[in-house]
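Coordinates as given in coords_20.pdb (PDB, C-alpha atoms):
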MODEL        1
ATOM      1  CA  MET M   1      22.771  58.594  64.599  1.00  0.00           C
ATOM      2  CA  ASN M   2      20.234  58.782  61.870  1.00  0.00           C
ATOM      3  CA  ALA M   3      16.869  57.046  61.837  1.00  0.00           C
ATOM      4  CA  TYR M   4      18.125  54.476  59.377  1.00  0.00           C
ATOM      5  CA  GLY M   5      20.761  53.230  61.860  1.00  0.00           C
ATOM      6  CA  VAL M   6      18.157  52.906  64.635  1.00  0.00           C
ATOM      7  CA  ASP M   7      15.767  50.885  62.425  1.00  0.00           C
ATOM      8  CA  SER M   8      18.587  48.532  61.429  1.00  0.00           C
ATOM      9  CA  ARG M   9      19.488  47.800  65.054  1.00  0.00           C
ATOM     10  CA  ILE M  10      15.826  47.150  65.907  1.00  0.00           C
ATOM     11  CA  ASN M  11      15.406  44.733  62.980  1.00  0.00           C
ATOM     12  CA  ILE M  12      18.577  42.843  63.914  1.00  0.00           C
ATOM     13  CA  ALA M  13      17.401  42.547  67.503  1.00  0.00           C
ATOM     14  CA  VAL M  14      14.023  41.135  66.380  1.00  0.00           C
ATOM     15  CA  ILE M  15      15.650  38.549  64.134  1.00  0.00           C
ATOM     16  CA  VAL M  16      18.017  37.403  66.872  1.00  0.00           C
ATOM     17  CA  GLY M  17      15.090  37.079  69.276  1.00  0.00           C
ATOM     18  CA  VAL M  18      13.121  34.912  66.843  1.00  0.00           C
ATOM     19  CA  ILE M  19      16.115  32.613  66.270  1.00  0.00           C
ATOM     20  CA  LEU M  20      16.654  32.162  70.001  1.00  0.00           C
ATOM     21  CA  THR M  21      12.942  31.430  70.553  1.00  0.00           C
ATOM     22  CA  LEU M  22      12.911  28.754  67.811  1.00  0.00           C
ATOM     23  CA  ALA M  23      16.078  27.144  69.171  1.00  0.00           C
ATOM     24  CA  PHE M  24      14.546  26.975  72.651  1.00  0.00           C
ATOM     25  CA  ALA M  25      11.349  25.428  71.277  1.00  0.00           C
ATOM     26  CA  VAL M  26      13.284  22.762  69.350  1.00  0.00           C
ATOM     27  CA  THR M  27      15.254  21.885  72.478  1.00  0.00           C
ATOM     28  CA  LEU M  28      12.071  21.473  74.492  1.00  0.00           C
ATOM     29  CA  THR M  29      10.517  19.270  71.813  1.00  0.00           C
ATOM     30  CA  GLN M  30      13.561  16.995  71.679  1.00  0.00           C
ATOM     31  CA  ASP M  31      13.677  16.719  75.463  1.00  0.00           C
ATOM     32  CA  GLY M  32       9.952  15.910  75.546  1.00  0.00           C
ATOM     33  CA  ASN M  33      10.234  13.140  72.939  1.00  0.00           C
ATOM     34  CA  GLN M  34      13.019  11.486  74.910  1.00  0.00           C
ATOM     35  CA  GLY M  35      10.512  10.864  77.678  1.00  0.00           C
ATOM     36  CA  ILE M  36       7.932   9.032  75.437  1.00  0.00           C
ATOM     37  CA  SER M  37       8.304   5.245  75.388  1.00  0.00           C
ATOM     38  CA  GLU M  38       7.633   2.951  72.440  1.00  0.00           C
ATOM     39  CA  ASP M  39       4.571   1.551  74.224  1.00  0.00           C
ATOM     40  CA  ASP M  40       3.170   5.053  74.633  1.00  0.00           C
ATOM     41  CA  LEU M  41       3.575   5.714  70.912  1.00  0.00           C
ATOM     42  CA  VAL M  42       1.804   2.467  70.000  1.00  0.00           C
ATOM     43  CA  SER M  43      -1.056   3.129  72.421  1.00  0.00           C
ATOM     44  CA  SER M  44      -1.668   6.522  70.818  1.00  0.00           C
ATOM     45  CA  PHE M  45      -2.845   4.770  67.635  1.00  0.00           C
ATOM     46  CA  GLU M  46      -6.327   3.255  67.360  1.00  0.00           C
ATOM     47  CA  LYS M  47      -6.133  -0.565  67.288  1.00  0.00           C
ATOM     48  CA  THR M  48      -8.884  -2.343  65.337  1.00  0.00           C
ATOM     49  CA  VAL M  49      -9.883  -5.706  63.919  1.00  0.00           C
ATOM     50  CA  ASN M  50     -11.977  -5.899  60.722  1.00  0.00           C
ATOM     51  CA  VAL M  51     -14.410  -8.853  60.552  1.00  0.00           C
ATOM     52  CA  ILE M  52     -17.165 -10.002  58.168  1.00  0.00           C
ATOM     53  CA  GLY M  53     -20.149 -11.659  59.820  1.00  0.00           C
ATOM     54  CA  THR M  54     -22.868 -13.642  58.029  1.00  0.00           C
ATOM     55  CA  ALA M  55     -26.303 -15.068  58.749  1.00  0.00           C
ATOM     56  CA  THR M  56     -28.472 -17.279  56.532  1.00  0.00           C
ATOM     57  CA  LYS M  57     -32.025 -18.559  56.752  1.00  0.00           C
ATOM     58  CA  ALA M  58     -33.781 -21.164  54.593  1.00  0.00           C
ATOM     59  CA  VAL M  59     -37.175 -19.807  53.543  1.00  0.00           C
ATOM     60  CA  GLU M  60     -40.017 -21.674  51.898  1.00  0.00           C
ATOM     61  CA  PRO M  61     -40.959 -20.100  48.518  1.00  0.00           C
ATOM     62  CA  ASP M  62     -44.262 -18.270  48.399  1.00  0.00           C
ATOM     63  CA  THR M  63     -44.365 -17.198  44.728  1.00  0.00           C
ATOM     64  CA  LEU M  64     -44.546 -19.143  41.454  1.00  0.00           C
ATOM     65  CA  ILE M  65     -43.318 -17.490  38.252  1.00  0.00           C
ATOM     66  CA  ILE M  66     -43.910 -19.037  34.813  1.00  0.00           C
ATOM     67  CA  ASN M  67     -42.916 -17.507  31.490  1.00  0.00           C
ATOM     68  CA  PHE M  68     -44.929 -19.031  28.653  1.00  0.00           C
ATOM     69  CA  GLY M  69     -45.953 -17.932  25.204  1.00  0.00           C
ATOM     70  CA  VAL M  70     -46.966 -18.618  21.642  1.00  0.00           C
ATOM     71  CA  GLU M  71     -44.945 -18.502  18.427  1.00  0.00           C
ATOM     72  CA  THR M  72     -46.760 -18.489  15.085  1.00  0.00           C
ATOM     73  CA  VAL M  73     -45.563 -18.246  11.491  1.00  0.00           C
ATOM     74  CA  ALA M  74     -47.735 -17.031   8.590  1.00  0.00           C
ATOM     75  CA  GLY M  75     -47.415 -15.580   5.110  1.00  0.00           C
ATOM     76  CA  ASN M  76     -47.699 -11.997   6.323  1.00  0.00           C
ATOM     77  CA  ALA M  77     -47.395 -10.061   9.561  1.00  0.00           C
ATOM     78  CA  LYS M  78     -51.143  -9.571   9.996  1.00  0.00           C
ATOM     79  CA  GLN M  79     -51.898 -13.281   9.767  1.00  0.00           C
ATOM     80  CA  ALA M  80     -49.045 -14.173  12.117  1.00  0.00           C
ATOM     81  CA  LEU M  81     -50.329 -11.727  14.761  1.00  0.00           C
ATOM     82  CA  GLU M  82     -53.946 -12.861  14.391  1.00  0.00           C
ATOM     83  CA  GLN M  83     -53.061 -16.531  14.791  1.00  0.00           C
ATOM     84  CA  ASN M  84     -50.822 -15.718  17.732  1.00  0.00           C
ATOM     85  CA  SER M  85     -53.507 -13.655  19.462  1.00  0.00           C
ATOM     86  CA  GLU M  86     -56.114 -16.388  18.980  1.00  0.00           C
ATOM     87  CA  LYS M  87     -53.979 -19.128  20.525  1.00  0.00           C
ATOM     88  CA  LEU M  88     -52.752 -16.909  23.349  1.00  0.00           C
ATOM     89  CA  SER M  89     -56.311 -15.832  24.207  1.00  0.00           C
ATOM     90  CA  SER M  90     -57.342 -19.481  24.486  1.00  0.00           C
ATOM     91  CA  ALA M  91     -54.426 -20.188  26.800  1.00  0.00           C
ATOM     92  CA  ILE M  92     -55.253 -17.167  28.982  1.00  0.00           C
ATOM     93  CA  ASN M  93     -58.927 -18.121  29.217  1.00  0.00           C
ATOM     94  CA  SER M  94     -58.006 -21.633  30.334  1.00  0.00           C
ATOM     95  CA  LEU M  95     -56.097 -20.180  33.273  1.00  0.00           C
ATOM     96  CA  LYS M  96     -59.280 -18.737  34.738  1.00  0.00           C
ATOM     97  CA  THR M  97     -60.309 -22.268  35.715  1.00  0.00           C
ATOM     98  CA  VAL M  98     -57.524 -22.293  38.321  1.00  0.00           C
ATOM     99  CA  GLY M  99     -58.026 -18.714  39.488  1.00  0.00           C
ATOM    100  CA  ILE M 100     -55.331 -17.037  37.360  1.00  0.00           C
ATOM    101  CA  ASP M 101     -56.640 -13.706  36.031  1.00  0.00           C
ATOM    102  CA  SER M 102     -55.237 -10.515  34.471  1.00  0.00           C
ATOM    103  CA  ASP M 103     -53.827  -9.387  37.830  1.00  0.00           C
ATOM    104  CA  ASN M 104     -51.466 -12.363  37.742  1.00  0.00           C
ATOM    105  CA  LEU M 105     -50.371 -11.796  34.117  1.00  0.00           C
ATOM    106  CA  SER M 106     -47.982  -9.381  32.443  1.00  0.00           C
ATOM    107  CA  THR M 107     -46.467  -9.151  28.974  1.00  0.00           C
ATOM    108  CA  SER M 108     -42.814 -10.071  29.039  1.00  0.00           C
ATOM    109  CA  ARG M 109     -42.058  -9.392  25.369  1.00  0.00           C
ATOM    110  CA  LEU M 110     -43.790  -9.223  21.977  1.00  0.00           C
ATOM    111  CA  ASN M 111     -41.812  -9.634  18.754  1.00  0.00           C
ATOM    112  CA  ILE M 112     -42.604  -9.935  15.072  1.00  0.00           C
ATOM    113  CA  TYR M 113     -39.942 -10.358  12.456  1.00  0.00           C
ATOM    114  CA  PRO M 114     -39.607 -11.641   8.876  1.00  0.00           C
ATOM    115  CA  VAL M 115     -38.642 -15.209   8.040  1.00  0.00           C
ATOM    116  CA  TYR M 116     -36.005 -15.457   5.322  1.00  0.00           C
ATOM    117  CA  GLN M 117     -35.120 -18.238   2.937  1.00  0.00           C
ATOM    118  CA  SER M 118     -31.881 -18.335   0.967  1.00  0.00           C
ATOM    119  CA  HIS M 119     -31.676 -19.471  -2.672  1.00  0.00           C
ATOM    120  CA  GLU M 120     -29.209 -19.196  -5.520  1.00  0.00           C
ATOM    121  CA  ASP M 121     -29.909 -16.626  -8.199  1.00  0.00           C
ATOM    122  CA  PRO M 122     -29.747 -18.483 -11.555  1.00  0.00           C
ATOM    123  CA  LEU M 123     -28.404 -15.422 -13.390  1.00  0.00           C
ATOM    124  CA  SER M 124     -25.713 -14.192 -11.011  1.00  0.00           C
ATOM    125  CA  GLY M 125     -24.990 -17.428  -9.180  1.00  0.00           C
ATOM    126  CA  ARG M 126     -25.096 -15.560  -5.882  1.00  0.00           C
ATOM    127  CA  TYR M 127     -27.149 -16.595  -2.890  1.00  0.00           C
ATOM    128  CA  VAL M 128     -29.870 -14.138  -1.990  1.00  0.00           C
ATOM    129  CA  GLN M 129     -32.370 -13.989   0.884  1.00  0.00           C
ATOM    130  CA  GLU M 130     -36.082 -13.728   0.291  1.00  0.00           C
ATOM    131  CA  ILE M 131     -38.844 -13.043   2.817  1.00  0.00           C
ATOM    132  CA  VAL M 132     -41.159 -16.048   2.855  1.00  0.00           C
ATOM    133  CA  GLY M 133     -43.287 -15.137   5.890  1.00  0.00           C
ATOM    134  CA  PHE M 134     -43.418 -13.580   9.343  1.00  0.00           C
ATOM    135  CA  GLN M 135     -43.034 -15.007  12.817  1.00  0.00           C
ATOM    136  CA  ALA M 136     -44.857 -13.543  15.802  1.00  0.00           C
ATOM    137  CA  SER M 137     -43.766 -14.299  19.361  1.00  0.00           C
ATOM    138  CA  ASN M 138     -45.697 -13.229  22.454  1.00  0.00           C
ATOM    139  CA  ILE M 139     -44.369 -14.168  25.901  1.00  0.00           C
ATOM    140  CA  LEU M 140     -46.390 -13.676  29.097  1.00  0.00           C
ATOM    141  CA  THR M 141     -45.392 -13.953  32.744  1.00  0.00           C
ATOM    142  CA  ILE M 142     -47.586 -15.564  35.386  1.00  0.00           C
ATOM    143  CA  GLU M 143     -46.927 -14.606  38.998  1.00  0.00           C
ATOM    144  CA  THR M 144     -49.063 -16.370  41.587  1.00  0.00           C
ATOM    145  CA  ASP M 145     -48.994 -17.926  45.039  1.00  0.00           C
ATOM    146  CA  GLN M 146     -50.441 -21.214  43.689  1.00  0.00           C
ATOM    147  CA  LEU M 147     -47.195 -23.165  43.898  1.00  0.00           C
ATOM    148  CA  SER M 148     -48.952 -26.526  44.083  1.00  0.00           C
ATOM    149  CA  ASN M 149     -50.657 -25.876  40.720  1.00  0.00           C
ATOM    150  CA  ALA M 150     -47.456 -25.392  38.714  1.00  0.00           C
ATOM    151  CA  ALA M 151     -47.827 -28.569  36.647  1.00  0.00           C
ATOM    152  CA  LYS M 152     -51.555 -27.995  36.119  1.00  0.00           C
ATOM    153  CA  ILE M 153     -51.007 -24.422  34.911  1.00  0.00           C
ATOM    154  CA  ILE M 154     -48.387 -25.560  32.386  1.00  0.00           C
ATOM    155  CA  ASP M 155     -50.665 -28.366  31.172  1.00  0.00           C
ATOM    156  CA  LEU M 156     -53.489 -25.865  30.637  1.00  0.00           C
ATOM    157  CA  VAL M 157     -51.544 -23.348  28.541  1.00  0.00           C
ATOM    158  CA  ILE M 158     -49.829 -26.005  26.426  1.00  0.00           C
ATOM    159  CA  GLY M 159     -53.150 -27.730  25.831  1.00  0.00           C
ATOM    160  CA  GLN M 160     -54.569 -24.453  24.468  1.00  0.00           C
ATOM    161  CA  GLY M 161     -51.820 -23.683  21.963  1.00  0.00           C
ATOM    162  CA  ALA M 162     -48.880 -22.320  23.952  1.00  0.00           C
ATOM    163  CA  ASN M 163     -45.696 -23.757  22.464  1.00  0.00           C
ATOM    164  CA  ARG M 164     -43.105 -22.047  24.694  1.00  0.00           C
ATOM    165  CA  VAL M 165     -42.393 -22.444  28.406  1.00  0.00           C
ATOM    166  CA  ASP M 166     -39.223 -20.450  29.002  1.00  0.00           C
ATOM    167  CA  LEU M 167     -39.076 -20.355  32.791  1.00  0.00           C
ATOM    168  CA  VAL M 168     -40.561 -22.041  35.842  1.00  0.00           C
ATOM    169  CA  SER M 169     -39.314 -20.565  39.103  1.00  0.00           C
ATOM    170  CA  PHE M 170     -40.240 -20.911  42.755  1.00  0.00           C
ATOM    171  CA  THR M 171     -39.179 -17.771  44.545  1.00  0.00           C
ATOM    172  CA  VAL M 172     -39.751 -15.608  47.590  1.00  0.00           C
ATOM    173  CA  SER M 173     -41.700 -12.365  47.374  1.00  0.00           C
ATOM    174  CA  GLN M 174     -39.838  -9.087  47.836  1.00  0.00           C
ATOM    175  CA  GLN M 175     -41.825  -8.328  50.972  1.00  0.00           C
ATOM    176  CA  THR M 176     -40.753 -11.619  52.547  1.00  0.00           C
ATOM    177  CA  VAL M 177     -37.127 -11.136  51.469  1.00  0.00           C
ATOM    178  CA  LYS M 178     -37.052  -7.680  53.078  1.00  0.00           C
ATOM    179  CA  SER M 179     -38.546  -8.964  56.337  1.00  0.00           C
ATOM    180  CA  VAL M 180     -36.164 -11.930  56.563  1.00  0.00           C
ATOM    181  CA  LYS M 181     -33.075  -9.812  55.826  1.00  0.00           C
ATOM    182  CA  GLU M 182     -33.966  -7.332  58.541  1.00  0.00           C
ATOM    183  CA  SER M 183     -34.313 -10.193  61.022  1.00  0.00           C
ATOM    184  CA  LEU M 184     -30.864 -11.560  60.063  1.00  0.00           C
ATOM    185  CA  ILE M 185     -28.847  -8.374  60.651  1.00  0.00           C
ATOM    186  CA  GLU M 186     -28.519  -8.889  64.420  1.00  0.00           C
ATOM    187  CA  ALA M 187     -27.401 -12.499  63.945  1.00  0.00           C
ATOM    188  CA  ALA M 188     -24.788 -11.401  61.377  1.00  0.00           C
ATOM    189  CA  VAL M 189     -23.367  -8.782  63.759  1.00  0.00           C
ATOM    190  CA  LEU M 190     -23.154 -11.335  66.585  1.00  0.00           C
ATOM    191  CA  ASN M 191     -21.389 -13.713  64.187  1.00  0.00           C
ATOM    192  CA  ALA M 192     -18.854 -10.977  63.419  1.00  0.00           C
ATOM    193  CA  LYS M 193     -18.308 -10.359  67.142  1.00  0.00           C
ATOM    194  CA  THR M 194     -17.695 -14.052  67.794  1.00  0.00           C
ATOM    195  CA  LYS M 195     -15.147 -14.215  64.969  1.00  0.00           C
ATOM    196  CA  ALA M 196     -13.385 -11.109  66.275  1.00  0.00           C
ATOM    197  CA  GLN M 197     -13.162 -12.526  69.813  1.00  0.00           C
ATOM    198  CA  ILE M 198     -11.657 -15.757  68.496  1.00  0.00           C
ATOM    199  CA  ALA M 199      -9.137 -13.855  66.364  1.00  0.00           C
ATOM    200  CA  ILE M 200      -7.850 -11.552  69.123  1.00  0.00           C
ATOM    201  CA  LYS M 201      -7.803 -14.072  71.989  1.00  0.00           C
ATOM    202  CA  PRO M 202      -4.272 -15.386  71.204  1.00  0.00           C
ATOM    203  CA  LEU M 203      -3.079 -11.767  71.087  1.00  0.00           C
ATOM    204  CA  ASP M 204      -4.345 -11.095  74.626  1.00  0.00           C
ATOM    205  CA  GLN M 205      -6.683  -8.366  73.349  1.00  0.00           C
ATOM    206  CA  LYS M 206     -10.292  -7.504  74.111  1.00  0.00           C
ATOM    207  CA  ILE M 207     -13.097  -5.670  72.278  1.00  0.00           C
ATOM    208  CA  VAL M 208     -13.690  -2.206  73.720  1.00  0.00           C
ATOM    209  CA  GLY M 209     -15.931  -0.628  71.089  1.00  0.00           C
ATOM    210  CA  VAL M 210     -17.053  -0.437  67.465  1.00  0.00           C
ATOM    211  CA  SER M 211     -15.616   1.857  64.820  1.00  0.00           C
ATOM    212  CA  SER M 212     -18.096   1.130  62.001  1.00  0.00           C
ATOM    213  CA  ILE M 213     -20.696  -1.331  60.694  1.00  0.00           C
ATOM    214  CA  ILE M 214     -21.561  -1.835  57.018  1.00  0.00           C
ATOM    215  CA  VAL M 215     -24.573  -4.006  56.126  1.00  0.00           C
ATOM    216  CA  ASN M 216     -24.261  -5.767  52.781  1.00  0.00           C
ATOM    217  CA  ASP M 217     -27.850  -6.020  51.532  1.00  0.00           C
ATOM    218  CA  VAL M 218     -27.378  -7.756  48.184  1.00  0.00           C
ATOM    219  CA  GLY M 219     -30.319  -8.670  45.969  1.00  0.00           C
ATOM    220  CA  TYR M 220     -31.981 -12.064  46.126  1.00  0.00           C
ATOM    221  CA  SER M 221     -31.890 -14.085  42.883  1.00  0.00           C
ATOM    222  CA  PRO M 222     -33.884 -17.334  42.736  1.00  0.00           C
ATOM    223  CA  SER M 223     -32.713 -20.167  40.504  1.00  0.00           C
ATOM    224  CA  PRO M 224     -35.065 -21.195  37.663  1.00  0.00           C
ATOM    225  CA  MET M 225     -36.211 -24.799  37.458  1.00  0.00           C
ATOM    226  CA  PHE M 226     -36.487 -24.937  33.679  1.00  0.00           C
ATOM    227  CA  GLU M 227     -35.069 -22.932  30.821  1.00  0.00           C
ATOM    228  CA  ARG M 228     -36.665 -24.776  27.906  1.00  0.00           C
ATOM    229  CA  ALA M 229     -40.150 -25.976  27.126  1.00  0.00           C
ATOM    230  CA  ASP M 230     -38.919 -29.462  26.214  1.00  0.00           C
ATOM    231  CA  ALA M 231     -37.532 -29.855  29.741  1.00  0.00           C
ATOM    232  CA  PHE M 232     -41.120 -30.118  30.979  1.00  0.00           C
ATOM    233  CA  ALA M 233     -42.980 -33.406  30.827  1.00  0.00           C
ATOM    234  CA  SER M 234     -46.752 -33.015  30.749  1.00  0.00           C
ATOM    235  CA  SER M 235     -48.421 -33.738  34.096  1.00  0.00           C
ATOM    236  CA  ALA M 236     -45.036 -34.325  35.771  1.00  0.00           C
ATOM    237  CA  PRO M 237     -44.969 -33.430  39.483  1.00  0.00           C
ATOM    238  CA  ILE M 238     -43.047 -30.257  40.295  1.00  0.00           C
ATOM    239  CA  TYR M 239     -41.657 -29.647  43.750  1.00  0.00           C
ATOM    240  CA  SER M 240     -40.298 -26.451  45.218  1.00  0.00           C
ATOM    241  CA  SER M 241     -37.323 -26.307  47.572  1.00  0.00           C
ATOM    242  CA  ASP M 242     -36.355 -23.854  50.306  1.00  0.00           C
ATOM    243  CA  GLN M 243     -34.456 -20.767  49.230  1.00  0.00           C
ATOM    244  CA  ASP M 244     -31.485 -19.438  51.216  1.00  0.00           C
ATOM    245  CA  ILE M 245     -31.558 -15.737  52.100  1.00  0.00           C
ATOM    246  CA  SER M 246     -28.350 -14.267  53.491  1.00  0.00           C
ATOM    247  CA  VAL M 247     -27.053 -11.057  55.013  1.00  0.00           C
ATOM    248  CA  SER M 248     -23.440 -10.085  55.663  1.00  0.00           C
ATOM    249  CA  VAL M 249     -21.995  -7.247  57.722  1.00  0.00           C
ATOM    250  CA  ASN M 250     -18.528  -5.724  57.835  1.00  0.00           C
ATOM    251  CA  VAL M 251     -17.715  -4.653  61.406  1.00  0.00           C
ATOM    252  CA  ILE M 252     -14.580  -2.837  62.567  1.00  0.00           C
ATOM    253  CA  PHE M 253     -14.084  -3.448  66.311  1.00  0.00           C
ATOM    254  CA  LEU M 254     -11.893  -1.321  68.567  1.00  0.00           C
ATOM    255  CA  ILE M 255      -9.545  -3.468  70.650  1.00  0.00           C
ATOM    256  CA  ALA M 256      -7.173  -2.960  73.571  1.00  0.00           C
ATOM    257  CA  ASP M 257      -4.904  -4.942  75.901  1.00  0.00           C
ATOM    258  CA  ARG M 258      -6.613  -7.107  78.497  1.00  0.00           C
TER     259      ARG M 258
ENDMDL
END

Please express what this file holds, its structure, as structure tokens.
Amino acid sequence: MNAYGVDSRINIAVIVGVILTLAFAVTLTQDGNQGISEDDLVSSFEKTVNVIGTATKAVEPDTLIINFGVETVAGNAKQALEQNSEKLSSAINSLKTVGIDSDNLSTSRLNIYPVYQSHEDPLSGRYVQEIVGFQASNILTIETDQLSNAAKIIDLVIGQGANRVDLVSFTVSQQTVKSVKESLIEAAVLNAKTKAQIAIKPLDQKIVGVSSIIVNDVGYSPSPMFERADAFASSAPIYSSDQDISVSVNVIFLIADR
């Protein structure tokens, strides 16, 4: 017999052996699966409950923010800016009497733009716009811890030429917000645990561990008291109210049969 015949018999033998091995393995796998119950299959999967816990604390504001400014109109840009600067300087100087200095002030925005007036052209009959002057607007922001002086501060700046009060807000400083949120995380997690225990009790389940915790640390946004200068009455009392700071957590608990 030649070498070719020998190689063919060897290859056929190898193939037959592989087929028999695979058939035996399949048989074992089927026999093994027949011994696994439905309960065993369910228990092999991780059982969890996903809960959101929250915690809130009312905090007394510690920061006063006021946006005020001056708007002036003049025949040209230079005059408008000069008049604006003069009135704004007077308003700023008046604030020194209540302890508000440059450290408490920042420029919010400064604008200057032309003032137009429309008229009909006698030759063409079309309406055209003509620059008749310039308007300058300079808005400053006061940030101070003198919450009780809110009305007095507004009276001072208006009395010295300020003709805009865009915002009066009692808020909580970022440092305080950070500290309060950190203190609320534990309470939020415990709230999530309580909710989870209530949810799984009718199912005869118990908490056996934690899969993950996500802390939702959203920003704190105080609500303004006023949005227009005409909403403020001179010398009117202004009172601050507590601000709510909240934290939420998303906790996935591992659960099992009792």

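Considering only C-alpha atoms, the residue among M:Leu156, M:Ala91, M:Val128, M:Val51 positioned nearest to Asn250 in chain M is M:Val51.
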
Best match for closeness to Gln146 in chain M among M:Gly99, M:Pro202, M:Gly75, M:Gly53, counting all atoms listed in the file: M:Gly99

Nearest residue to Gly159 in chain M out of M:Ile65, M:Ile92, M:Ile255, M:Val249, using all atoms listed in the file?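 Nearest to Gly159 in chain M: M:Ile92.
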
Considering only C-alpha atoms, can you say which of M:Ser124, M:Ser173, M:Gln135, M:Thr56 comes closest to Ala188 in chain M?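 Nearest candidate to Ala188 in chain M out of M:Ser124, M:Ser173, M:Gln135, M:Thr56: M:Thr56.
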
Residues in the PyMOL selection byres ((chain M and resi 112) around 9), expressed as a list in words: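 Checked against the file, the PyMOL selection byres ((chain M and resi 112) around 9) matches Ala77, Ala80, Leu81, Leu110, Asn111, Tyr113, Pro114, Phe134, Gln135, Ala136, Ser137 and Asn138 of chain M.
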
Separation of CA of Val168 in chain M from CA of Asp217 in chain M, in Å and rounded to one decimal: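 So the two atoms, CA of Val168 in chain M and CA of Asp217 in chain M, lie 25.8 Å apart.
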
Looking at only C-alpha atoms, which of M:Val251, M:Arg258, M:Thr97, M:Ile154 is the one that sits closest to Ile214 in chain M?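 Checking each candidate against Ile214 in chain M, we get M:Val251 as the closest.
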
To one decimal place, how far is CA of Arg109 in chain M from CA of Lys178 in chain M in Å?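 We find that CA of Arg109 in chain M and CA of Lys178 in chain M lie 28.2 Å from each other.
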
CA of Gln174 in chain M to CA of Ser246 in chain M: how many Å, to one decimal?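 Separation between CA of Gln174 in chain M and CA of Ser246 in chain M: 13.8 Å.
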
Which residue is closest to Ser148 in chain M? Choose from M:Thr48, M:Gln117, M:Ser179, M:Thr63 and count all atoms listed in the file. M:Thr63

Under the PyMOL selection byres ((chain M and resi 64) around 10), which residues of this model are included? Write them out as a ChimeraX atom specification. /M:61-63,65-66,142-150,168-173,240

The selected residues should be written to file as a PDB file, in the frame of the given file (atoms: C-alpha atoms).
ATOM      1  CA  PRO M  61     -40.959 -20.100  48.518  1.00  0.00           C
ATOM      2  CA  ASP M  62     -44.262 -18.270  48.399  1.00  0.00           C
ATOM      3  CA  THR M  63     -44.365 -17.198  44.728  1.00  0.00           C
ATOM      4  CA  ILE M  65     -43.318 -17.490  38.252  1.00  0.00           C
ATOM      5  CA  ILE M  66     -43.910 -19.037  34.813  1.00  0.00           C
ATOM      6  CA  ILE M 142     -47.586 -15.564  35.386  1.00  0.00           C
ATOM      7  CA  GLU M 143     -46.927 -14.606  38.998  1.00  0.00           C
ATOM      8  CA  THR M 144     -49.063 -16.370  41.587  1.00  0.00           C
ATOM      9  CA  ASP M 145     -48.994 -17.926  45.039  1.00  0.00           C
ATOM     10  CA  GLN M 146     -50.441 -21.214  43.689  1.00  0.00           C
ATOM     11  CA  LEU M 147     -47.195 -23.165  43.898  1.00  0.00           C
ATOM     12  CA  SER M 148     -48.952 -26.526  44.083  1.00  0.00           C
ATOM     13  CA  ASN M 149     -50.657 -25.876  40.720  1.00  0.00           C
ATOM     14  CA  ALA M 150     -47.456 -25.392  38.714  1.00  0.00           C
ATOM     15  CA  VAL M 168     -40.561 -22.041  35.842  1.00  0.00           C
ATOM     16  CA  SER M 169     -39.314 -20.565  39.103  1.00  0.00           C
ATOM     17  CA  PHE M 170     -40.240 -20.911  42.755  1.00  0.00           C
ATOM     18  CA  THR M 171     -39.179 -17.771  44.545  1.00  0.00           C
ATOM     19  CA  VAL M 172     -39.751 -15.608  47.590  1.00  0.00           C
ATOM     20  CA  SER M 173     -41.700 -12.365  47.374  1.00  0.00           C
ATOM     21  CA  SER M 240     -40.298 -26.451  45.218  1.00  0.00           C
TER      22      SER M 240
END

Test item: the PyMOL selection byres ((chain M and resi 243) around 7) resolved as number ranges by chain: M: 58-61, 241-242, 244-245

Spatial neighbours of Tyr127 in chain M, 12 Å, only C-alpha atoms, chain gap at least 5 places, as a VMD selection string: chain M and resid 117 to 122

Spatial neighbours of Asn191 in chain M, 9 Å, all atoms listed in the file, chain gap at least 6 places, as number ranges by chain: M: 52-55
